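Everything below belongs to target-v1.cif, which stores mmCIF, C-alpha atoms.
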```
data_upload
#
loop_
_atom_site.label_atom_id
_atom_site.label_comp_id
_atom_site.auth_asym_id
_atom_site.auth_seq_id
_atom_site.Cartn_x
_atom_site.Cartn_y
_atom_site.Cartn_z
CA MET P 157 7.63 63.55 11.30
CA LYS P 158 11.34 63.15 12.01
CA ASN P 159 12.19 66.14 9.74
CA THR P 160 9.49 68.26 11.39
CA LYS P 161 10.99 67.55 14.85
CA SER P 162 14.47 68.51 13.69
CA LEU P 163 13.21 71.77 12.25
CA PHE P 164 11.44 72.53 15.54
CA VAL P 165 14.66 71.98 17.54
CA LEU P 166 16.62 74.25 15.22
CA ALA P 167 13.98 76.94 15.39
CA PHE P 168 13.89 76.75 19.21
CA ALA P 169 17.68 77.01 19.42
CA SER P 170 17.60 80.03 17.13
CA LEU P 171 14.95 81.64 19.36
CA LEU P 172 17.04 81.04 22.48
CA PHE P 173 20.05 82.66 20.88
CA SER P 174 18.11 85.70 19.69
CA CYS P 175 16.52 86.16 23.13
CA GLY P 176 19.75 85.82 25.03
CA GLY P 177 19.23 82.20 26.05
CA GLU P 178 22.72 81.33 24.82
CA LYS P 179 25.64 83.33 26.20
CA LYS P 180 27.14 85.74 23.72
CA ILE P 181 30.89 85.96 23.24
CA SER P 182 32.03 88.57 25.74
CA TYR P 183 34.37 91.44 24.94
CA GLU P 184 38.04 90.75 25.72
CA LEU P 185 40.15 93.66 26.85
CA SER P 186 43.53 94.44 25.33
CA TRP P 187 46.29 96.03 27.37
CA LEU P 188 49.88 97.26 27.23
CA SER P 189 52.46 97.10 30.01
CA PRO P 190 56.19 97.49 30.54
CA THR P 191 58.14 94.36 31.47
CA GLY P 192 59.45 94.21 35.03
CA SER P 193 57.89 93.96 38.47
CA PRO P 194 54.33 95.14 37.51
CA THR P 195 53.91 92.27 35.04
CA LEU P 196 53.40 89.72 37.80
CA ALA P 197 49.94 91.22 38.21
CA PHE P 198 49.26 89.35 34.95
CA TYR P 199 51.03 86.11 35.87
CA SER P 200 48.08 84.07 34.60
CA GLU P 201 47.98 85.80 31.20
CA ALA P 202 51.28 84.90 29.47
CA GLU P 203 49.44 83.10 26.66
CA ASN P 204 46.90 85.88 26.14
CA SER P 205 47.61 87.63 22.83
CA ASN P 206 45.56 90.64 23.98
CA TRP P 207 48.37 91.55 26.37
CA VAL P 208 51.44 93.31 24.95
CA SER P 209 54.46 93.69 27.22
CA THR P 210 57.43 95.82 26.21
CA SER P 211 60.97 96.38 27.45
CA THR P 212 60.97 99.85 25.84
CA PRO P 213 57.99 101.55 27.52
CA ALA P 214 59.20 105.10 26.88
CA ALA P 215 58.97 104.45 23.15
CA LEU P 216 55.46 102.94 23.19
CA ILE P 217 53.37 103.83 26.22
CA PRO P 218 53.01 107.64 25.98
CA ALA P 219 52.05 107.18 22.32
CA ALA P 220 49.49 104.55 23.34
CA PHE P 221 47.93 107.03 25.78
CA ALA P 222 47.68 109.53 22.93
CA SER P 223 46.15 107.13 20.41
CA ALA P 224 43.88 105.36 22.96
CA SER P 225 44.67 102.15 21.10
CA TYR P 226 44.41 99.82 24.11
CA ASP P 227 41.60 99.18 26.55
CA ALA P 228 44.04 99.43 29.45
CA ILE P 229 47.61 100.62 30.02
CA VAL P 230 50.05 99.93 32.85
CA PHE P 231 52.37 102.85 33.55
CA ASP P 232 53.99 104.94 36.24
CA GLY P 233 50.93 106.15 38.12
CA ILE P 234 51.88 109.78 38.66
CA THR P 235 53.06 110.14 35.06
CA GLY P 236 49.80 108.62 33.82
CA LEU P 237 47.69 110.98 35.94
CA ASN P 238 49.64 113.93 34.61
CA LEU P 239 49.01 112.76 31.04
CA ILE P 240 45.28 112.59 31.80
CA GLU P 241 45.05 116.02 33.40
CA LYS P 242 47.56 117.98 31.34
CA GLN P 243 47.07 116.35 27.95
CA GLN P 244 43.44 115.17 28.31
CA ARG P 245 44.20 111.52 27.60
CA ALA P 246 41.09 109.30 27.43
CA TYR P 247 42.01 107.01 30.34
CA ARG P 248 41.22 106.84 34.03
CA LEU P 249 43.15 105.44 36.98
CA ALA P 250 41.60 102.10 37.96
CA SER P 251 44.09 100.40 40.30
CA TRP P 252 47.54 100.56 41.83
CA ILE P 253 49.79 97.54 41.32
CA ASN P 254 52.78 98.23 43.53
CA GLU P 255 54.42 100.88 45.66
CA GLY P 256 57.75 100.75 43.87
CA SER P 257 60.70 98.39 43.72
CA PHE P 258 63.40 101.03 43.35
CA TYR P 259 66.86 100.90 44.87
CA LEU P 260 70.08 102.87 45.06
CA VAL P 261 73.17 100.70 44.61
CA SER P 262 76.94 101.10 44.39
CA ALA P 263 80.01 99.09 43.47
CA LYS P 264 82.23 101.66 45.19
CA TYR P 265 80.59 102.39 48.56
CA ASP P 266 78.66 100.51 51.22
CA LYS P 267 75.87 102.19 53.17
CA ASP P 268 78.13 103.62 55.88
CA GLY P 269 80.50 104.94 53.24
CA ALA P 270 77.60 106.58 51.43
CA LYS P 271 76.44 108.37 54.57
CA ASN P 272 79.94 109.74 55.21
CA LEU P 273 80.36 111.35 51.79
CA GLU P 274 80.84 115.09 52.07
CA ASN P 275 80.35 116.01 48.43
CA LYS P 276 77.34 115.34 46.21
CA PRO P 277 78.16 112.02 44.44
CA THR P 278 77.62 111.15 40.77
CA ILE P 279 74.42 109.25 39.93
CA ASP P 280 73.15 107.22 36.98
CA ALA P 281 69.33 107.21 37.19
CA PHE P 282 66.44 106.73 34.77
CA VAL P 283 63.55 108.91 33.53
CA ALA P 284 63.85 112.29 35.23
CA SER P 285 60.09 112.69 35.70
CA GLY P 286 59.48 109.10 36.85
CA THR P 287 58.72 108.03 40.40
CA ALA P 288 62.11 106.32 40.87
CA SER P 289 63.98 109.56 40.20
CA VAL P 290 61.58 111.57 42.35
CA LEU P 291 62.23 109.18 45.24
CA PHE P 292 65.97 109.30 44.71
CA ARG P 293 66.10 113.10 44.81
CA ASP P 294 64.09 113.15 48.04
CA VAL P 295 66.18 110.45 49.75
CA ALA P 296 69.42 112.06 48.57
CA ALA P 297 68.46 115.30 50.29
CA ASN P 298 66.71 113.97 53.40
CA THR P 299 68.43 110.67 54.21
CA PHE P 300 71.98 111.24 52.99
CA GLN P 301 72.11 115.07 53.03
CA TRP P 302 73.77 115.16 49.61
CA GLY P 303 71.96 118.30 48.52
CA GLU P 304 69.62 118.91 45.62
CA TYR P 305 69.87 117.20 42.22
CA SER P 306 68.23 118.51 39.06
CA ASN P 307 65.01 116.96 37.82
CA GLY P 308 66.23 116.88 34.25
CA SER P 309 64.90 120.28 33.26
CA SER P 310 68.24 121.94 33.99
CA PRO P 311 71.86 120.79 33.63
CA ASP P 312 73.48 118.93 36.51
CA ASP P 313 76.92 117.42 36.02
CA LYS P 314 76.40 115.05 38.96
CA ILE P 315 73.42 113.12 37.60
CA VAL P 316 72.49 111.46 34.30
CA TYR P 317 68.92 110.41 33.52
CA GLU P 318 68.73 107.42 31.16
CA THR P 319 65.66 106.46 29.13
CA GLY P 320 65.03 103.34 31.24
CA VAL P 321 66.39 101.00 33.88
CA ASP P 322 67.72 98.64 31.21
CA VAL P 323 70.25 101.28 30.19
CA VAL P 324 71.35 101.78 33.80
CA GLN P 325 71.72 98.02 34.20
CA LYS P 326 73.95 97.78 31.11
CA ASN P 327 76.06 100.72 32.30
CA LEU P 328 76.54 99.18 35.72
CA LEU P 329 77.62 95.87 34.25
CA SER P 330 79.99 97.36 31.69
CA ASN P 331 81.61 99.99 33.93
CA PRO P 332 80.50 99.58 37.56
CA GLU P 333 82.58 102.46 38.92
CA ALA P 334 81.80 105.04 36.25
CA PHE P 335 79.26 106.52 38.69
CA ASP P 336 79.30 106.55 42.47
CA PHE P 337 75.71 105.27 42.64
CA TYR P 338 73.06 103.83 40.33
CA VAL P 339 69.25 103.85 40.58
CA VAL P 340 67.80 100.46 39.61
CA ALA P 341 64.56 98.50 40.00
CA GLU P 342 63.58 94.87 40.45
CA PRO P 343 64.14 92.46 38.81
CA ALA P 344 67.25 94.25 37.52
CA LEU P 345 68.58 94.50 41.09
CA SER P 346 68.46 90.74 41.68
CA LEU P 347 70.03 90.03 38.29
CA LEU P 348 72.83 92.50 38.96
CA LYS P 349 73.55 91.02 42.39
CA GLN P 350 73.82 87.56 40.84
CA LYS P 351 76.19 88.83 38.13
CA PHE P 352 78.41 90.54 40.69
CA ALA P 353 78.43 87.47 42.94
CA SER P 354 79.47 85.25 40.03
CA GLN P 355 82.53 87.49 39.63
CA ASN P 356 83.28 87.48 43.37
CA LYS P 357 82.27 91.13 43.59
CA THR P 358 79.75 92.89 45.82
CA LEU P 359 76.98 95.21 44.73
CA HIS P 360 75.97 97.24 47.77
CA VAL P 361 72.31 98.14 48.24
CA ILE P 362 72.50 101.64 49.68
CA SER P 363 68.81 102.45 49.90
CA ASP P 364 65.42 100.83 49.49
CA LEU P 365 64.08 104.10 48.10
CA GLN P 366 60.37 103.60 48.80
CA THR P 367 61.06 102.54 52.40
CA ASP P 368 63.45 105.43 53.07
CA PHE P 369 61.03 107.87 51.46
CA ALA P 370 58.25 106.65 53.76
CA ALA P 371 60.57 106.97 56.78
CA ASN P 372 61.25 110.60 55.82
CA HIS P 373 57.56 111.43 55.44
CA ASN P 374 55.57 109.71 58.21
CA GLY P 375 54.88 106.52 56.27
CA VAL P 376 53.55 108.06 53.04
CA LYS P 377 53.03 105.33 50.46
CA VAL P 378 54.59 105.51 47.03
CA PRO P 379 52.15 105.33 44.09
CA ALA P 380 54.27 103.50 41.54
CA ALA P 381 52.85 101.20 38.83
CA ALA P 382 49.15 101.64 38.06
CA ILE P 383 46.45 100.39 35.71
CA PHE P 384 44.64 102.94 33.55
CA VAL P 385 41.42 102.00 31.74
CA ARG P 386 40.11 103.71 28.62
CA GLU P 387 36.86 105.54 29.36
CA ARG P 388 35.12 104.29 26.23
CA THR P 389 35.89 100.68 27.09
CA TYR P 390 34.26 101.01 30.50
CA LEU P 391 31.22 102.79 29.08
CA GLU P 392 30.68 100.24 26.29
CA HIS P 393 31.73 97.08 28.18
CA PRO P 394 31.25 97.75 31.89
CA SER P 395 30.73 94.17 33.05
CA GLU P 396 33.70 92.80 31.12
CA THR P 397 35.90 95.66 32.39
CA VAL P 398 34.90 95.06 36.01
CA ASP P 399 35.43 91.30 35.68
CA TRP P 400 38.89 91.92 34.23
CA LEU P 401 39.81 94.37 36.97
CA ASN P 402 38.58 92.01 39.68
CA ASP P 403 40.72 89.20 38.24
CA ILE P 404 43.78 91.44 38.26
CA GLN P 405 43.03 92.55 41.84
CA SER P 406 43.05 88.90 42.84
CA ASN P 407 46.38 88.40 41.07
CA ILE P 408 47.89 91.42 42.83
CA GLN P 409 46.95 90.02 46.21
CA SER P 410 48.33 86.59 45.27
CA VAL P 411 51.71 88.14 44.49
CA ARG P 412 51.61 90.34 47.61
CA LEU P 413 50.92 87.37 49.88
CA GLY P 414 53.32 84.97 48.14
CA ASP P 415 50.67 82.54 46.89
CA PRO P 416 52.41 79.33 45.62
CA GLN P 417 50.00 79.33 42.66
CA VAL P 418 51.97 82.20 41.10
CA LEU P 419 55.14 80.12 40.92
CA GLN P 420 53.26 77.05 39.75
CA ILE P 421 51.80 78.91 36.80
CA LEU P 422 55.10 80.58 35.90
CA SER P 423 56.84 77.19 36.04
CA SER P 424 54.21 75.75 33.70
CA TYR P 425 55.07 78.44 31.15
CA GLU P 426 58.74 77.47 31.33
CA GLU P 427 57.80 73.85 30.69
CA LYS P 428 55.96 74.98 27.55
CA GLY P 429 59.00 76.93 26.33
CA ILE P 430 57.50 80.37 26.95
CA SER P 431 60.23 82.93 27.68
CA LEU P 432 59.56 84.59 31.02
CA ALA P 433 62.31 87.08 30.22
CA GLU P 434 60.53 88.32 27.11
CA ARG P 435 57.00 88.22 28.55
CA PHE P 436 57.59 89.36 32.12
CA GLY P 437 61.16 90.62 32.31
CA PHE P 438 62.04 87.89 34.83
CA PRO P 439 64.58 85.34 33.55
CA SER P 440 63.13 82.46 35.56
CA SER P 441 60.50 81.43 38.08
CA ASN P 442 63.36 80.86 40.55
CA LEU P 443 64.04 84.58 40.68
CA VAL P 444 60.35 85.28 41.28
CA LYS P 445 60.47 82.73 44.10
CA GLN P 446 63.30 84.65 45.76
CA LEU P 447 61.30 87.87 45.59
CA MET P 448 58.12 86.27 46.97
CA GLU P 449 59.56 83.88 49.56
CA ASP P 450 58.10 83.94 53.07
CA GLY P 451 55.48 86.46 51.97
CA SER P 452 58.16 89.16 52.19
CA ASN P 453 56.58 91.15 49.34
CA LYS P 454 59.94 92.48 48.14
CA LEU P 455 58.19 93.88 45.08
CA HIS P 456 56.07 96.12 47.33
CA TYR P 457 52.76 95.00 45.81
CA SER P 458 49.92 97.21 46.94
CA ASN P 459 47.05 96.51 49.30
CA CYS P 460 45.47 99.86 48.50
CA GLY P 461 41.72 99.94 48.13
CA VAL P 462 40.25 100.40 44.68
CA ASP P 463 37.43 102.85 45.44
CA SER P 464 38.00 106.28 43.93
CA LYS P 465 38.82 108.02 47.23
CA SER P 466 41.46 105.46 48.23
CA LEU P 467 43.05 105.53 44.80
CA LEU P 468 43.15 109.30 44.70
CA ALA P 469 44.32 109.60 48.31
CA MET P 470 47.41 107.53 47.58
CA ALA P 471 48.39 109.77 44.68
CA ASN P 472 47.48 113.04 46.38
CA ASP P 473 49.21 112.22 49.67
CA PHE P 474 52.37 111.66 47.66
CA GLN P 475 51.88 114.88 45.68
CA SER P 476 51.14 116.94 48.79
CA THR P 477 54.21 115.58 50.55
CA LEU P 478 56.36 116.86 47.69
CA GLY P 479 54.52 120.18 47.47
CA LEU P 480 53.08 119.31 44.05
CA PRO P 481 49.53 119.91 42.69
CA VAL P 482 46.95 117.27 43.62
CA PHE P 483 44.84 115.39 41.08
CA ASN P 484 41.10 115.61 40.42
CA GLU P 485 38.49 112.93 41.14
CA THR P 486 37.54 112.96 37.47
CA SER P 487 40.89 111.28 36.71
CA VAL P 488 39.80 108.11 38.54
CA LEU P 489 37.57 105.32 37.24
CA ASN P 490 34.97 104.69 39.95
CA TRP P 491 34.21 101.09 38.99
CA ARG P 492 33.16 99.85 42.42
#
```
Entire entry expressed as structure tokens:
Amino acid sequence: MKNTKSLFVLAFASLLFSCGGEKKISYELSWLSPTGSPTLAFYSEAENSNWVSTSTPAALIPAAFASASYDAIVFDGITGLNLIEKQQRAYRLASWINEGSFYLVSAKYDKDGAKNLENKPTIDAFVASGTASVLFRDVAANTFQWGEYSNGSSPDDKIVYETGVDVVQKNLLSNPEAFDFYVVAEPALSLLKQKFASQNKTLHVISDLQTDFAANHNGVKVPAAAIFVRERTYLEHPSETVDWLNDIQSNIQSVRLGDPQVLQILSSYEEKGISLAERFGFPSSNLVKQLMEDGSNKLHYSNCGVDSKSLLAMANDFQSTLGLPVFNETSVLNWR
């Protein structure tokens, strides 16, 4: 009788499993992102092996769009949309992360000195087609009246476009007066300011590029870092994709509002010996604290809606402001 009862329990458990009575293992998304300010959207995921972060995005991310090897990719939003529409990449825009954290700095001039320059100064920037360089060229012409700079498609002896902000950072540290001005991004800006201060030098912040751009164009927001989701992933695993996106939306708002939980979790990683520099591009939780203190949102994290019209409006307002072609609704993942 005892054996019969045991067999009955096993059979019942098997029936529950086959009928969905026991929860199946859900699909876990994989994603790729550059290190730097957008990574804080994943502050709770440092120990997740499905997330790959890289300090050399130019070498990996366009190829990942082409191979569709990740469920989601974080990239410059405008560049990603152009990849989708011009090269038919199998991803769709799902969310904005931030509205830029790009700055123009100088070891030679302060802000007043920059405004009084009569000739077009020399610039070390990064990625000619990226949002940071687009903002710089606009602010150079409209805020400082320095004239037009090339976008990288034609020679210009006054500007150099590096492959990434890491190269600009190294150049600025090794030879701070080689160029009149440098285009950088957070957290590189904060690290550079600390390095200069330790040497009793001053690194002047000449322009908060996203803020000056908005001032020149009636408050237009800058669509910077974005999340792109692979179409097939959403079609095959819609509930898991939506759950993942909702979690990341919550994280984005936590960073935007300066939620203490962000710092608590980052500090716990440090206690475990996890390198924040390698995972996030931030050398310590103390630097993150400086950028989040008082809810100042120095990383310009976005409060943009995630419905398709809001997502597209942010990109197309920016494009229209610059006289560039707008994007199609089919490039957006309408997951809500």
For CA of Phe436 (chain P) and CA of Leu196 (chain P), the interatomic separation in Å (one decimal):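 So the answer is 7.1 Å.
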Selection dump of the PyMOL selection byres ((chain P and resi 486) around 10), as a PyMOL selection string: chain P and resi 240-241+248-249+464+468+483-485+487-490
Result set, the PyMOL selection byres ((chain P and resi 457) around 7) on current file, as a list in words: Ile253, Asn254, Glu255, Ile408, Arg412, Asn453, Leu455, His456, Ser458 and Asn459 of chain P
Contacts of Thr210 (chain P) within 7 Å, only C-alpha atoms, excl. fewer than 6 positions in-chain, as a list in words: Ser189, Pro190 and Thr191 of chain P
Take every atom of region 463-481 of chain P listed in the file, fit an axis-aligned box around them, add 4 Å per side, and give the centre and edge lengths in Å to one decimal as AutoDock Vina command-line options.
```
--center_x 46.9 --center_y 111.5 --center_z 46.6 --size_x 26.9 --size_y 25.3 --size_z 15.9
```
Å distance separating CA of Gln417 (chain P) from CA of Ser186 (chain P), one decimal place: 23.9 Å
10 Å contact set for Gly303 (chain P), only C-alpha atoms, chain neighbours under 3 positions out, as JSON, numbers by chain: {"P": [275, 276, 277, 293, 294, 295, 296, 297, 298, 300]}
